[in-house]
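Student: Input file: upload-v5.cif. Contents: mmCIF, C-alpha atoms and all ligand atoms.
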```
data_data
loop_
_atom_site.label_atom_id
_atom_site.label_comp_id
_atom_site.auth_asym_id
_atom_site.auth_seq_id
_atom_site.Cartn_x
_atom_site.Cartn_y
_atom_site.Cartn_z
CA MET A 25 40.37 -26.67 -65.05
CA SER A 26 37.96 -29.43 -64.25
CA ALA A 27 39.12 -32.79 -62.97
CA SER A 28 39.12 -35.83 -65.24
CA ASP A 29 36.70 -38.69 -64.65
CA ARG A 30 39.59 -40.78 -63.42
CA GLU A 31 40.62 -38.15 -60.85
CA LEU A 32 37.04 -37.89 -59.63
CA ILE A 33 36.77 -41.67 -59.26
CA GLU A 34 40.04 -41.75 -57.30
CA ALA A 35 38.65 -39.05 -55.00
CA CYS A 36 35.42 -41.03 -54.56
CA ARG A 37 37.42 -44.07 -53.53
CA GLU A 38 38.95 -42.02 -50.75
CA GLY A 39 35.45 -41.78 -49.34
CA ARG A 40 34.49 -38.31 -50.50
CA ASP A 41 31.01 -37.70 -51.86
CA ALA A 42 31.37 -34.35 -53.61
CA PRO A 43 33.41 -35.82 -56.49
CA PHE A 44 30.77 -38.49 -56.98
CA GLU A 45 28.08 -35.83 -57.21
CA GLU A 46 30.18 -34.13 -59.86
CA LEU A 47 30.41 -37.37 -61.83
CA VAL A 48 26.67 -37.80 -61.56
CA ASP A 49 26.07 -34.25 -62.78
CA ARG A 50 28.43 -34.83 -65.67
CA TYR A 51 26.74 -38.02 -66.87
CA LYS A 52 23.15 -37.92 -65.65
CA MET A 53 21.79 -36.70 -69.01
CA LYS A 54 23.57 -39.51 -70.85
CA ALA A 55 22.17 -42.19 -68.55
CA TYR A 56 18.69 -40.68 -68.64
CA SER A 57 18.72 -40.30 -72.42
CA LEU A 58 19.81 -43.88 -73.07
CA ALA A 59 17.26 -45.24 -70.60
CA TYR A 60 14.54 -43.05 -72.11
CA PHE A 61 15.03 -44.37 -75.63
CA LEU A 62 15.29 -47.95 -74.43
CA VAL A 63 12.28 -48.06 -72.10
CA GLY A 64 10.16 -45.42 -73.81
CA ASN A 65 9.12 -43.12 -71.00
CA ALA A 66 10.70 -40.41 -68.91
CA ALA A 67 9.60 -41.46 -65.41
CA ASP A 68 11.02 -44.96 -65.66
CA ALA A 69 14.12 -43.62 -67.41
CA LEU A 70 14.82 -41.34 -64.45
CA ASP A 71 14.38 -44.21 -61.98
CA ILE A 72 16.64 -46.49 -63.99
CA SER A 73 19.34 -43.86 -64.49
CA GLN A 74 19.43 -43.23 -60.74
CA GLU A 75 19.64 -46.93 -60.09
CA ALA A 76 22.59 -47.12 -62.49
CA PHE A 77 24.49 -44.47 -60.51
CA ILE A 78 23.69 -46.23 -57.26
CA LYS A 79 25.13 -49.43 -58.68
CA ILE A 80 28.21 -47.55 -59.76
CA TYR A 81 28.62 -45.93 -56.34
CA ARG A 82 28.60 -49.34 -54.71
CA ASN A 83 31.01 -50.81 -57.23
CA LEU A 84 33.51 -48.00 -57.62
CA HIS A 85 36.23 -50.21 -56.19
CA ARG A 86 35.74 -52.54 -59.17
CA PHE A 87 36.26 -49.90 -61.81
CA ARG A 88 39.50 -50.73 -63.64
CA GLY A 89 39.32 -47.96 -66.19
CA LYS A 90 39.97 -50.17 -69.20
CA SER A 91 37.03 -48.54 -70.88
CA GLY A 92 35.93 -45.06 -69.88
CA PHE A 93 33.48 -44.17 -67.14
CA GLY A 94 30.89 -43.29 -69.79
CA THR A 95 31.07 -46.77 -71.32
CA TRP A 96 30.76 -48.35 -67.90
CA LEU A 97 27.71 -46.24 -67.11
CA HIS A 98 26.18 -47.09 -70.49
CA ARG A 99 26.71 -50.79 -69.87
CA ILE A 100 25.06 -50.70 -66.46
CA THR A 101 22.18 -48.54 -67.70
CA TYR A 102 21.72 -50.83 -70.69
CA ASN A 103 21.58 -53.94 -68.48
CA LEU A 104 19.08 -52.34 -66.11
CA CYS A 105 16.91 -51.35 -69.07
CA MET A 106 16.99 -54.88 -70.47
CA ASP A 107 15.95 -56.28 -67.07
CA PHE A 108 13.18 -53.73 -66.94
CA LEU A 109 11.96 -54.53 -70.45
CA ARG A 110 11.99 -58.27 -69.79
CA LEU A 111 9.89 -57.73 -66.70
CA ARG A 112 7.53 -55.41 -68.48
CA LYS A 113 7.15 -57.84 -71.37
CA ARG A 114 6.41 -60.64 -68.95
CA ARG A 115 3.72 -58.61 -67.37
CA ALA A 116 2.47 -57.40 -70.71
CA SER A 117 1.68 -54.11 -69.12
CA LEU A 118 1.86 -51.80 -72.05
CA SER A 119 0.36 -48.79 -70.37
CA TYR A 120 2.64 -45.87 -70.67
CA ARG A 121 3.03 -43.59 -67.75
CA ASP A 122 2.51 -39.85 -68.01
CA GLU A 123 5.56 -38.10 -69.26
CA ILE A 124 7.46 -35.96 -66.83
CA GLY A 125 9.05 -34.11 -69.69
CA LYS A 126 7.87 -30.76 -70.85
CA PRO A 127 6.52 -31.16 -74.33
CA GLY A 128 6.72 -27.42 -74.88
CA GLU A 129 10.42 -27.51 -75.64
CA GLU A 130 11.08 -28.86 -79.07
CA PRO A 131 14.66 -29.71 -79.84
CA ALA A 132 15.12 -29.40 -83.58
CA ILE A 133 16.43 -32.33 -85.53
CA GLU A 134 19.89 -31.47 -86.73
CA SER A 135 20.05 -32.21 -90.41
CA SER A 136 23.27 -33.92 -91.36
CA GLY A 137 23.45 -34.63 -95.08
CA LYS A 138 23.22 -32.02 -97.79
CA SER A 139 20.76 -34.25 -99.58
CA ASN A 140 18.38 -34.26 -96.66
CA PRO A 141 15.09 -33.07 -98.11
CA LEU A 142 13.93 -31.96 -94.68
CA LYS A 143 16.38 -29.07 -94.71
CA GLY A 144 16.62 -28.56 -91.00
CA LEU A 145 13.50 -28.57 -88.94
CA VAL A 146 11.32 -31.60 -88.65
CA LYS A 147 7.89 -31.23 -87.20
CA LYS A 148 7.15 -32.35 -83.73
CA GLU A 149 4.66 -34.92 -85.00
CA THR A 150 7.32 -36.48 -87.18
CA ARG A 151 9.68 -36.75 -84.24
CA GLU A 152 6.96 -38.41 -82.20
CA MET A 153 6.35 -40.86 -85.02
CA VAL A 154 10.05 -41.68 -85.30
CA ARG A 155 10.34 -42.13 -81.55
CA GLY A 156 7.26 -44.33 -81.52
CA ALA A 157 8.65 -46.39 -84.39
CA ILE A 158 11.95 -46.90 -82.57
CA ASP A 159 10.03 -48.00 -79.52
CA ARG A 160 8.31 -50.69 -81.57
CA LEU A 161 11.60 -52.35 -82.49
CA PRO A 162 12.65 -55.48 -80.57
CA ALA A 163 14.92 -54.56 -77.64
CA LYS A 164 18.10 -55.96 -79.20
CA LEU A 165 17.66 -54.03 -82.43
CA LYS A 166 16.48 -50.89 -80.68
CA SER A 167 19.51 -50.75 -78.39
CA VAL A 168 22.15 -50.88 -81.12
CA LEU A 169 20.27 -48.29 -83.15
CA VAL A 170 19.96 -45.92 -80.20
CA LEU A 171 23.60 -46.41 -79.17
CA ARG A 172 24.77 -45.73 -82.73
CA GLU A 173 22.46 -42.97 -83.92
CA ILE A 174 21.56 -41.10 -80.75
CA GLU A 175 24.48 -41.81 -78.44
CA ASP A 176 26.88 -41.67 -81.40
CA LEU A 177 29.02 -44.62 -80.29
CA SER A 178 31.34 -46.73 -82.44
CA TYR A 179 30.68 -50.39 -83.27
CA GLY A 180 33.40 -51.39 -80.81
CA GLU A 181 31.91 -49.35 -77.98
CA ILE A 182 28.43 -50.72 -78.69
CA ALA A 183 29.78 -54.28 -78.71
CA GLY A 184 31.34 -53.65 -75.28
CA ILE A 185 28.10 -52.31 -73.85
CA VAL A 186 25.74 -54.88 -75.32
CA GLY A 187 28.15 -57.78 -74.82
CA CYS A 188 28.45 -59.13 -78.37
CA SER A 189 30.85 -59.00 -81.32
CA THR A 190 31.13 -56.04 -83.69
CA GLY A 191 29.83 -58.36 -86.40
CA THR A 192 26.65 -58.86 -84.40
CA VAL A 193 26.40 -55.12 -83.84
CA MET A 194 26.57 -54.56 -87.61
CA SER A 195 23.98 -57.20 -88.33
CA ARG A 196 21.57 -55.93 -85.68
CA LEU A 197 22.06 -52.38 -86.85
CA HIS A 198 21.32 -53.41 -90.41
CA HIS A 199 18.10 -55.13 -89.39
CA ALA A 200 17.11 -52.28 -87.08
CA ARG A 201 17.50 -49.76 -89.90
CA LYS A 202 15.63 -51.95 -92.37
CA ARG A 203 12.72 -52.41 -89.99
CA LEU A 204 12.62 -48.81 -88.90
CA GLY A 205 12.63 -47.73 -92.54
CA LYS A 206 9.75 -50.08 -93.23
CA ILE A 207 7.70 -48.72 -90.31
CA LEU A 208 8.44 -45.10 -91.20
CA LYS A 209 7.86 -45.50 -94.92
CA THR A 210 4.16 -45.39 -94.33
CA VAL A 211 4.22 -42.29 -92.15
CA VAL A 212 7.05 -40.05 -93.37
CA LYS A 213 6.77 -38.84 -96.93
CA GLY A 214 9.48 -37.54 -99.23
CA GLN A 215 12.19 -39.80 -97.87
CA HIS A 216 13.96 -42.73 -99.45
CA LEU A 217 13.36 -45.07 -96.59
CA MET B 29 33.69 -53.87 -107.08
CA LYS B 30 30.40 -55.68 -107.58
CA CYS B 31 27.11 -54.45 -106.14
CA THR B 32 26.77 -57.34 -103.67
CA ARG B 33 30.21 -56.53 -102.29
CA ALA B 34 29.45 -52.82 -102.23
CA LEU B 35 26.13 -53.32 -100.45
CA ARG B 36 27.83 -55.29 -97.69
CA ARG B 37 30.11 -52.32 -97.03
CA ILE B 38 27.77 -49.37 -97.33
CA GLN B 39 26.56 -49.38 -93.74
CA ALA B 40 30.08 -49.51 -92.29
CA TYR B 41 31.10 -46.78 -94.74
CA PHE B 42 28.18 -44.62 -93.68
CA ASP B 43 29.01 -45.16 -89.99
CA GLY B 44 32.67 -44.27 -90.60
CA GLU B 45 33.82 -47.78 -89.73
CA LEU B 46 35.25 -48.86 -93.08
CA PRO B 47 39.05 -48.90 -93.44
CA PRO B 48 40.29 -46.03 -95.70
CA GLY B 49 41.49 -48.38 -98.45
CA GLU B 50 38.09 -50.02 -98.79
CA SER B 51 36.35 -46.67 -98.61
CA THR B 52 38.14 -45.42 -101.72
CA ALA B 53 37.13 -48.49 -103.71
CA LEU B 54 33.53 -48.20 -102.52
CA GLU B 55 33.35 -44.50 -103.35
CA GLU B 56 34.48 -45.31 -106.87
CA HIS B 57 31.68 -47.85 -107.21
CA LEU B 58 29.09 -45.49 -105.76
CA ARG B 59 29.93 -42.81 -108.35
CA GLY B 60 28.91 -45.13 -111.13
CA CYS B 61 26.06 -47.06 -109.49
CA PRO B 62 22.74 -45.31 -108.86
CA SER B 63 21.33 -48.37 -107.11
CA CYS B 64 24.07 -48.55 -104.45
CA SER B 65 24.25 -44.78 -104.01
CA GLY B 66 20.49 -44.89 -103.49
CA GLU B 67 21.09 -47.28 -100.62
CA LEU B 68 23.53 -44.81 -99.08
CA GLU B 69 20.95 -42.08 -99.52
CA ARG B 70 18.40 -44.22 -97.70
CA LEU B 71 20.75 -44.61 -94.73
CA ARG B 72 21.32 -40.84 -94.67
CA ASP B 73 17.63 -40.03 -94.70
CA LEU B 74 16.83 -42.50 -91.95
CA SER B 75 19.72 -41.29 -89.87
CA SER B 76 18.67 -37.66 -90.24
CA LEU B 77 15.32 -38.56 -88.72
CA VAL B 78 16.79 -40.42 -85.76
CA LYS B 79 20.01 -38.57 -84.98
CA GLY B 80 18.54 -35.39 -83.62
CA LEU B 81 15.98 -37.03 -81.33
CA ARG B 82 16.32 -35.94 -77.74
CA ALA B 83 14.76 -37.33 -74.59
CA PRO B 84 12.12 -34.95 -73.21
CA SER B 85 13.54 -32.36 -70.87
CA VAL B 86 12.99 -33.00 -67.22
CA ASN B 87 11.69 -30.55 -64.65
CA PRO B 88 14.85 -28.68 -63.45
CA GLU B 89 13.89 -29.26 -59.81
CA LEU B 90 14.17 -33.00 -60.40
CA TRP B 91 17.67 -32.52 -61.77
CA ASP B 92 18.64 -30.29 -58.82
CA ASN B 93 17.86 -33.06 -56.35
CA TYR B 94 19.06 -35.86 -58.57
CA SER B 95 22.65 -36.43 -57.41
CA ALA B 96 21.74 -35.89 -53.75
CA GLY B 97 18.99 -38.49 -54.19
CA VAL B 98 21.43 -40.95 -55.72
CA LEU B 99 23.84 -40.53 -52.81
CA ARG B 100 21.12 -40.84 -50.20
CA LYS B 101 19.80 -44.07 -51.69
CA ALA B 102 23.27 -45.47 -52.34
CA ARG B 103 24.30 -44.98 -48.72
CA ALA B 104 21.06 -46.41 -47.34
CA ALA B 105 21.24 -50.13 -46.55
CA PRO B 106 24.19 -51.15 -48.75
CA GLY B 107 23.43 -54.05 -51.02
CA ARG B 108 19.72 -53.52 -50.77
CA ARG B 109 17.95 -53.33 -54.10
CA ILE B 110 16.47 -50.03 -54.96
CA PRO B 111 12.77 -50.39 -55.50
CA VAL B 112 11.70 -49.50 -59.01
CA ARG B 113 7.94 -49.17 -58.96
CA GLU B 114 7.37 -51.82 -61.60
CA ARG B 115 9.36 -54.33 -59.58
CA ALA B 116 7.15 -54.29 -56.52
CA GLY B 117 5.74 -57.72 -55.83
CA SER B 118 7.94 -59.45 -58.38
CA LEU B 119 8.35 -62.38 -56.00
CA ARG B 120 4.78 -63.39 -56.61
CA LEU B 121 4.58 -66.80 -58.23
CA LEU B 122 3.53 -66.36 -61.86
CA HIS B 123 2.32 -69.87 -62.63
CA PRO B 124 1.30 -71.69 -59.43
CA ARG B 125 -0.29 -74.51 -61.42
CA LEU B 126 2.93 -75.16 -63.31
CA ALA B 127 4.73 -75.24 -59.98
CA TYR B 128 2.34 -77.95 -58.82
CA ALA B 129 3.00 -80.04 -61.90
CA ALA B 130 6.75 -79.62 -61.45
CA ALA B 131 6.41 -80.49 -57.77
CA ALA B 132 4.49 -83.68 -58.56
CA ILE B 133 7.04 -84.82 -61.15
CA PHE B 134 9.90 -84.00 -58.82
CA LEU B 135 8.29 -85.90 -55.98
CA VAL B 136 7.80 -89.02 -58.08
CA PHE B 137 11.42 -88.77 -59.15
CA ILE B 138 12.70 -88.42 -55.58
CA VAL B 139 10.59 -91.32 -54.31
CA ALA B 140 11.83 -93.49 -57.19
CA MET B 141 15.41 -92.55 -56.39
CA MET B 142 14.91 -93.34 -52.72
CA TYR B 143 13.65 -96.82 -53.58
CA HIS B 144 16.46 -97.24 -56.05
CA PHE B 145 19.16 -96.41 -53.51
CA ASN B 146 17.42 -98.36 -50.76
CA VAL B 147 16.83 -95.33 -48.61
CA VAL B 148 13.41 -96.87 -48.20
CA ARG B 149 13.61 -100.56 -47.57
CA ARG B 150 12.04 -102.62 -50.31
CA PRO B 151 9.75 -105.40 -49.08
CA ALA B 152 11.59 -108.73 -49.26
CA ALA B 153 10.92 -110.91 -52.30
CA GLY B 154 7.80 -112.97 -51.81
CA ASP B 155 6.49 -110.63 -49.14
CA ALA B 156 3.29 -109.77 -50.91
CA ALA B 157 1.50 -108.32 -47.93
CA PRO B 158 0.42 -104.73 -48.59
CA LEU B 159 1.95 -102.01 -46.47
CA THR B 160 -0.10 -101.09 -43.47
CA ALA B 161 -1.04 -97.51 -42.83
CA GLN B 162 1.72 -97.41 -40.21
CA GLN B 163 4.35 -98.41 -42.74
CA ARG B 164 3.40 -96.04 -45.53
CA PRO B 165 5.52 -92.97 -45.93
CA ILE B 166 3.69 -89.78 -45.24
CA VAL B 167 3.27 -87.70 -48.33
CA GLU B 168 1.23 -84.72 -47.45
CA ARG B 169 0.52 -81.44 -49.00
CA PHE B 170 0.11 -78.11 -47.38
CA GLU B 171 -1.74 -75.71 -49.54
CA ALA B 172 -2.04 -72.00 -49.15
CA GLY B 173 -5.44 -70.53 -49.82
CA ASP B 174 -4.55 -68.76 -53.08
CA LEU B 175 -2.60 -71.59 -54.70
CA ALA B 176 0.52 -69.50 -54.45
CA SER B 177 2.65 -72.04 -52.65
CA SER B 178 2.73 -75.62 -51.45
CA VAL B 179 4.69 -77.76 -49.05
CA MET B 180 5.23 -81.50 -49.32
CA ALA B 181 6.63 -83.79 -46.68
CA PHE B 182 7.99 -87.29 -47.06
CA ALA B 183 8.83 -89.29 -43.96
CA PRO B 184 9.37 -93.08 -44.10
CA GLU B 185 8.05 -94.62 -40.92
CA ASN B 186 11.13 -96.63 -40.00
CA ASP B 187 13.82 -94.08 -40.80
CA PRO B 188 14.68 -91.03 -38.78
CA VAL B 189 14.52 -88.81 -41.84
CA ALA B 190 12.00 -86.46 -43.29
CA ILE B 191 12.16 -84.56 -46.54
CA VAL B 192 10.18 -81.40 -46.94
CA TRP B 193 9.67 -79.52 -50.19
CA VAL B 194 8.45 -75.97 -50.38
CA PHE B 195 7.31 -74.87 -53.80
CA GLY B 196 6.74 -71.25 -54.55
CA CYS B 197 6.61 -68.47 -52.06
CA ARG B 198 4.96 -65.17 -51.90
CA ILE B 199 6.27 -62.31 -49.90
CA GLU B 200 4.31 -59.14 -49.81
CA ASN B 201 4.77 -56.33 -47.35
CA GLY B 202 6.89 -58.70 -45.32
CA GLN B 203 3.88 -60.89 -44.54
CA ASP B 204 3.34 -64.52 -45.19
CA SER B 205 0.64 -65.68 -47.52
CA GLY B 206 -1.64 -66.72 -44.72
CA GLU B 207 -3.44 -69.79 -43.60
CA GLY B 208 -3.48 -73.14 -45.25
CA THR B 209 -5.05 -76.54 -44.76
CA ILE B 210 -3.50 -79.92 -44.38
CA LEU B 211 -5.11 -82.14 -47.01
ZN ZN A 301 26.20 -51.07 -107.12
#
```
Could the structure of this file be written out as structure tokens, please?

Tutor:
Amino acid sequence: MSASDRELIEACREGRDAPFEELVDRYKMKAYSLAYFLVGNAADALDISQEAFIKIYRNLHRFRGKSGFGTWLHRITYNLCMDFLRLRKRRASLSYRDEIGKPGEEPAIESSGKSNPLKGLVKKETREMVRGAIDRLPAKLKSVLVLREIEDLSYGEIAGIVGCSTGTVMSRLHHARKRLGKILKTVVKGQHL
Amino acid sequence: MKCTRALRRIQAYFDGELPPGESTALEEHLRGCPSCSGELERLRDLSSLVKGLRAPSVNPELWDNYSAGVLRKARAAPGRRIPVRERAGSLRLLHPRLAYAAAAIFLVFIVAMMYHFNVVRRPAAGDAAPLTAQQRPIVERFEAGDLASSVMAFAPENDPVAIVWVFGCRIENGQDSGEGTIL
């Protein structure tokens, strides 16, 4: 049976590194994924996710466990991404770096509702359009949308990560969905967006 | 339930965040209202496009070295910031001209305050003679060649004090920004 996050953190506090590596392995995809959708490219997302773990390693003694390790990691990753985006905006450097990812692998979009006219697979181009549209949203709207739809977190968890009330989460989510729908309306056909 | 009330609840209902009691009332409304159920449909369609998105997969070798890399960097020089490429050189002054303007305003303010609090002795009433060069406080400016930083000094002749302002700095590769000239 594998150790719980809490047990691993306790072991890390005793000065052992192997449990920390296990924590990193457990959560690296989550940190990378969140950073990817917030900053919009894989190379920076990897850098930021690593930086998040480094921050955690140096602050393990501060972890109280009121919220889970995952929430803590999300919060730190989110803050690093916001810093990064602010800096990037200031520099107005909009050049995207080459993707590290392998475009060959195409994860299928999992259709959720029965009424979904896409019935399963969505073309790669559509996914790219959706991802591009998300990337065009203002950072505050983009983050709640990503945390809700992709990371599948509750309003309460999102509020804890972003540092606002659940009411604000709902309002931002509403605006994010409205704007995303507007952007996608022009490119995706056959949907009630 | 009216449509306005229903519309305010649809998103929370869709996200599974509406209390069960309210959900039942909303569901009842949705059964009889094509407009509101259309709104729910819209949320479903949008969500189906976003939900399944995944970050691009990363070269497995990068993942293999990932946690070891984290540990190596975390142990190196505790407290030191980890350089993210985009952050390099972020200490560079973005608006040197604005810094000059701020410096000038600040200097005027400080000098005014010094007169106000008699740090600099005011000439006695009736003493209309202009200050000699010896008596004037030194206000000088040191300017770096690329307008990235400036230094100002204020030293009243008769007081053993000097105030020095440094505005803006630029640190790159651990080197200073180079030569300057005293104006
Ligand atoms: Zn209605």

Student: Taking only C-alpha atoms into account, find every residue of chain B that has an atom no more than 8 Å from chain A, and write it out as a PyMOL selection string.

Tutor: chain B and resi 39-40+45+66+69-87+94-96+98-99+101-102+106-107+110+112+114-115

Student: Would you name the residues within 12 Å of ligand ZN 301 (chain A), counting all atoms listed in the file, and put them as a list in words?

Tutor: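 Answer in the requested format: Met29, Lys30, Cys31, Thr32, Arg33, Ala34, Leu35, Arg36, Arg37, Ile38, Ala53, Leu54, Glu55, Glu56, His57, Leu58, Arg59, Gly60, Cys61, Pro62, Ser63, Cys64, Ser65, Gly66, Glu67 and Leu68 of chain B.
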
Student: What does the structure give for the distance between CA of Leu104 in chain A and CA of Val63 in chain A, in Å to one decimal?

Tutor: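 CA of Leu104 in chain A sits 10.0 Å away from CA of Val63 in chain A.
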
Student: I'd like the box whose edges run along x, y and z of the file and which contains every listed atom of range 68-84 of chain A, padded by 5 Å per side; could you state its centre and edge lengths in Å, one decimal, as AutoDock Vina command-line options?

Tutor:
```
--center_x 22.3 --center_y -46.1 --center_z -61.1 --size_x 32.5 --size_y 19.5 --size_z 22.7
```

Student: Which distance in Å separates CA of Pro47 in chain B and CA of Thr95 in chain A, to one decimal?

Tutor: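 Answer for the CA of Pro47 in chain B to CA of Thr95 in chain A separation: 23.6 Å.
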
Student: Rounded to one decimal place, report the CA of Gly187 in chain A-CA of Thr101 in chain A distance in Å.

Tutor: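 About the pair CA of Gly187 in chain A and CA of Thr101 in chain A: they are 13.1 Å apart.
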